[in-house]
Amino acid sequence: MSMSIGLSGLRATSQSLGVISHNIANVSTAGFKSARAEFAAVYGGGQPGGVEVNNVSQNFERDGDVVNTGRALDLAISGNGFFMTSLNGQTAFTRAGTFNRDADNYVVAGNGMRLQGFMTNEVGELQQGVVEDLRVDGAGLPAKASTRVEFTANLKADAETIDPAVTPFDPADANSYNFSQSSEVFDSLGTRHVMTQYFVKTADNTWQVNYQMDGAAMGTPQTMTFDTAGKLTSANTVNLTHTLASADPLNITLNLEGTSQYAGDFSVSRNQPDGYTAGELAGIRFESNGDMYAVFTNGQDQLKGKVVMADFANPNGLRQGDGTSWYQSFASGAPTLGDPGTGTLGSLTAGAYEGSNVELTGELVNLMTAQRNYQANSKSISAADKMTQVLFNSF
């Protein structure tokens with residue numbers, strides 16, 4: 001009986017050594033969770049029969065270190081939850097957030113499984129509740145004509161007054177205006193145009209603004225007035241139209257909200273036109289809230305999807321796949337899905353991944369302890385063998 005007890009100890013310790021060695025081998029594996037062999041006593045007919053490995057549990061409670069990489073497709077989970085990945089109808093859950101873009105513009109994990117989430121519809125709205133493979137269409141982004149310019153400036157209150165009757169406005173004559181500022185806008189074909197505003201102080205707290213598009217007059221001059229506190233009292237918006245030879249007419253709303261007149265220097269705090277030229281897909285990036293954007297060569301980003309995360313009532317009930325992926329089981333229960341940072345789900349860090357949560361020093365200590373246990377069980381078998389030899393020699 002003592003030999004079988006020692007043999008069971010050797011088997012159990014050998015399994016424990018395998019678990020510890022696997023932990024040490026994956027100390028640098030992204031998203032890896034350390035495991036622990038749990039032992040249980042074996043009894044037969046009320047008599048002790050040895051020991052066995054009853055369960056190998058994984059430590060999902062301790063996060064690995066967040067490793068900042070700056071890569072646009074890396075994501076790190078802090079707290080509870082898993083990424084959902086799928087391929088050929090099989091869904092796996094992982095903490096390894098090192099994703100890439102494949103030839104078909106799907107976001108894929110290292111094992112080739114596709115990251116899951118919510119996609120946007122044709123008008124850019126997220127389709128919550130429909131979980132599918134995250135993918136960005138490889139088509140380019142068509143040009144968008146400018147329709148609005150957000151403009152805020154301070155006009156110098158003590159600037160020299162210019163009489164238009166004496167010095168008519170001429171963009172080529174710097175003495176006919178006080179200040180000028182240009183904005184870059186785009187037509188329906190994505191062609192760049194320069195819209196310039198020329199500010200002429202015609203009286204106290206009164207300015208005439210002339211508009212030019214690519215050097216040609218645009219609309220009629222407008223009057224801006226201010227109160228004695230320097231606040232704009234005329235209309236906050238100006239509607240401008242300009243006809244083009246090869247594109248649709250430009251209809252631009254100039255928003256002047258916040259423009260002031262103080263004694264400080266002329267300054268522009270906001271000059272932000274919308275619209276853009278056409279662009280090709282340059283890449284994909286994630287935000288820390290899980291939003292997925294397509295990045296184009298014209299500098300524009302477009303929301304294309306959102307990462308969905310999953311959590312389980314009993315993560316240790318998950319069925320192990322490879323070193324960093326798990327599958328749903330009866331013991332784990334069904335996953336609870338949601339956006340990052342909501343409910344029990346952890347937060348995301350973009351441009352980083354979660355490293356292994358293996359504590360190398362502790363594993364080395366466990367390794368030495370397991371080796372001692374192996375030696376002790378070997379000696380128990382050796383001692384039992386000597387006792388048997390003595391028993392046989394006594395006859």
# chains A, B, ... in the order shown; residues from 1 in each chain; ligands from 1
>>> residues_around(residues="stretch 237-250 of chain A", least_positions_apart="5", cutoff="12 Å", atoms="only C-alpha atoms", output="PyMOL selection string")
chain A and resi 143-152+185-197+209-224+232+255-259+275
>>> write_last_selection(atoms="N, CA and C atoms", output="compact mmCIF listing (two decimals), in the first residue's frame")
# COMPACT_ATOMS: atom_id res chain seq x y z
N ALA A 143 -14.68 62.64 -50.77
CA ALA A 143 -14.53 64.03 -50.34
C ALA A 143 -15.85 64.55 -49.77
N LYS A 144 -15.72 65.51 -48.86
CA LYS A 144 -16.89 66.16 -48.28
C LYS A 144 -16.71 67.67 -48.38
N ALA A 145 -17.71 68.33 -48.97
CA ALA A 145 -17.63 69.77 -49.12
C ALA A 145 -17.77 70.48 -47.78
N SER A 146 -17.06 71.57 -47.62
CA SER A 146 -17.17 72.36 -46.40
C SER A 146 -18.51 73.08 -46.38
N THR A 147 -19.15 73.07 -45.22
CA THR A 147 -20.42 73.77 -45.04
C THR A 147 -20.39 74.73 -43.87
N ARG A 148 -19.35 74.67 -43.05
CA ARG A 148 -19.31 75.48 -41.84
C ARG A 148 -17.86 75.79 -41.46
N VAL A 149 -17.66 77.00 -40.98
CA VAL A 149 -16.36 77.40 -40.44
C VAL A 149 -16.59 77.98 -39.06
N GLU A 150 -15.97 77.36 -38.05
CA GLU A 150 -16.04 77.87 -36.68
C GLU A 150 -14.90 78.86 -36.51
N PHE A 151 -15.24 80.13 -36.28
CA PHE A 151 -14.22 81.19 -36.25
C PHE A 151 -14.44 82.08 -35.03
N THR A 152 -13.40 82.21 -34.22
CA THR A 152 -13.43 83.10 -33.06
C THR A 152 -12.14 83.92 -33.04
N VAL A 185 -10.89 75.61 -47.09
CA VAL A 185 -12.15 74.89 -47.23
C VAL A 185 -12.06 73.98 -48.45
N PHE A 186 -13.05 73.08 -48.59
CA PHE A 186 -13.03 72.08 -49.65
C PHE A 186 -14.36 72.11 -50.40
N ASP A 187 -14.29 71.87 -51.73
CA ASP A 187 -15.52 71.78 -52.51
C ASP A 187 -15.97 70.32 -52.59
N SER A 188 -17.03 70.05 -53.36
CA SER A 188 -17.61 68.72 -53.44
C SER A 188 -16.68 67.69 -54.06
N LEU A 189 -15.64 68.12 -54.77
CA LEU A 189 -14.66 67.21 -55.36
C LEU A 189 -13.43 67.04 -54.48
N GLY A 190 -13.41 67.74 -53.35
CA GLY A 190 -12.27 67.65 -52.45
C GLY A 190 -11.15 68.61 -52.78
N THR A 191 -11.39 69.53 -53.71
CA THR A 191 -10.36 70.52 -54.06
C THR A 191 -10.28 71.58 -52.97
N ARG A 192 -9.06 71.93 -52.61
CA ARG A 192 -8.85 72.94 -51.58
C ARG A 192 -9.06 74.34 -52.14
N HIS A 193 -9.67 75.19 -51.31
CA HIS A 193 -9.85 76.62 -51.64
C HIS A 193 -9.51 77.43 -50.41
N VAL A 194 -9.09 78.67 -50.65
CA VAL A 194 -8.72 79.56 -49.55
C VAL A 194 -9.76 80.67 -49.42
N MET A 195 -10.45 80.68 -48.28
CA MET A 195 -11.40 81.75 -47.98
C MET A 195 -10.73 82.72 -47.02
N THR A 196 -10.72 83.99 -47.38
CA THR A 196 -10.04 85.01 -46.58
C THR A 196 -11.03 86.07 -46.12
N GLN A 197 -10.91 86.43 -44.84
CA GLN A 197 -11.71 87.51 -44.27
C GLN A 197 -10.80 88.74 -44.08
N VAL A 209 -16.46 93.68 -42.85
CA VAL A 209 -15.72 92.46 -43.18
C VAL A 209 -15.97 92.11 -44.64
N ASN A 210 -14.89 92.01 -45.41
CA ASN A 210 -14.95 91.62 -46.82
C ASN A 210 -14.46 90.18 -46.96
N TYR A 211 -15.09 89.45 -47.87
CA TYR A 211 -14.78 88.03 -48.03
C TYR A 211 -14.27 87.76 -49.46
N GLN A 212 -13.24 86.95 -49.52
CA GLN A 212 -12.67 86.56 -50.81
C GLN A 212 -12.48 85.05 -50.82
N MET A 213 -12.71 84.45 -52.00
CA MET A 213 -12.44 83.02 -52.19
C MET A 213 -11.45 82.88 -53.34
N ASP A 214 -10.29 82.40 -53.04
CA ASP A 214 -9.21 82.24 -54.03
C ASP A 214 -8.95 83.55 -54.77
N GLY A 215 -9.04 84.65 -54.05
CA GLY A 215 -8.73 85.96 -54.64
C GLY A 215 -9.90 86.63 -55.30
N ALA A 216 -11.07 85.98 -55.36
CA ALA A 216 -12.26 86.59 -55.97
C ALA A 216 -13.25 86.95 -54.88
N ALA A 217 -14.01 88.01 -55.12
CA ALA A 217 -14.98 88.45 -54.12
C ALA A 217 -16.00 87.36 -53.84
N MET A 218 -16.39 87.23 -52.57
CA MET A 218 -17.34 86.20 -52.14
C MET A 218 -18.45 86.88 -51.33
N GLY A 219 -19.64 86.92 -51.88
CA GLY A 219 -20.74 87.55 -51.18
C GLY A 219 -20.54 89.05 -51.06
N THR A 220 -21.34 89.65 -50.20
CA THR A 220 -21.29 91.09 -49.97
C THR A 220 -20.63 91.38 -48.63
N PRO A 221 -20.00 92.52 -48.49
CA PRO A 221 -19.38 92.86 -47.19
C PRO A 221 -20.41 92.87 -46.07
N GLN A 222 -20.00 92.46 -44.89
CA GLN A 222 -20.87 92.41 -43.73
C GLN A 222 -20.36 93.39 -42.67
N THR A 223 -21.28 93.83 -41.83
CA THR A 223 -20.92 94.75 -40.75
C THR A 223 -20.95 94.02 -39.42
N MET A 224 -19.89 94.15 -38.65
CA MET A 224 -19.81 93.60 -37.30
C MET A 224 -19.81 94.75 -36.32
N LEU A 232 -19.75 90.99 -29.10
CA LEU A 232 -20.36 91.07 -30.42
C LEU A 232 -21.87 91.28 -30.29
N ASN A 255 -19.52 80.79 -38.40
CA ASN A 255 -19.97 80.96 -37.01
C ASN A 255 -18.97 81.83 -36.26
N LEU A 256 -19.40 82.99 -35.84
CA LEU A 256 -18.52 83.97 -35.19
C LEU A 256 -18.71 84.02 -33.67
N GLU A 257 -19.41 83.07 -33.12
CA GLU A 257 -19.71 83.09 -31.69
C GLU A 257 -18.41 83.20 -30.87
N GLY A 258 -18.39 84.11 -29.92
CA GLY A 258 -17.23 84.29 -29.07
C GLY A 258 -16.27 85.35 -29.55
N THR A 259 -16.48 85.87 -30.75
CA THR A 259 -15.61 86.93 -31.27
C THR A 259 -15.78 88.19 -30.42
N GLY A 275 -15.33 69.67 -43.63
CA GLY A 275 -15.03 69.24 -44.99
C GLY A 275 -13.62 68.69 -45.10
>>> residues_around(residues="A:Leu303", least_positions_apart="6", cutoff="9 Å", atoms="only C-alpha atoms", output="number ranges by chain")
A: 119-120, 124-126, 291-294
>>> select_by_dssp(residues="stretch 103-142 of chain A", states="strand (DSSP E or B)", output="list in words")
Tyr106, Val107, Val108, Arg114, Leu115, Gln116, Gly117, Phe118, Met119, Thr120, Leu126, Gln127, Gln128, Gly129, Val130, Val131, Glu132, Asp133, Arg135 and Leu141 of chain A
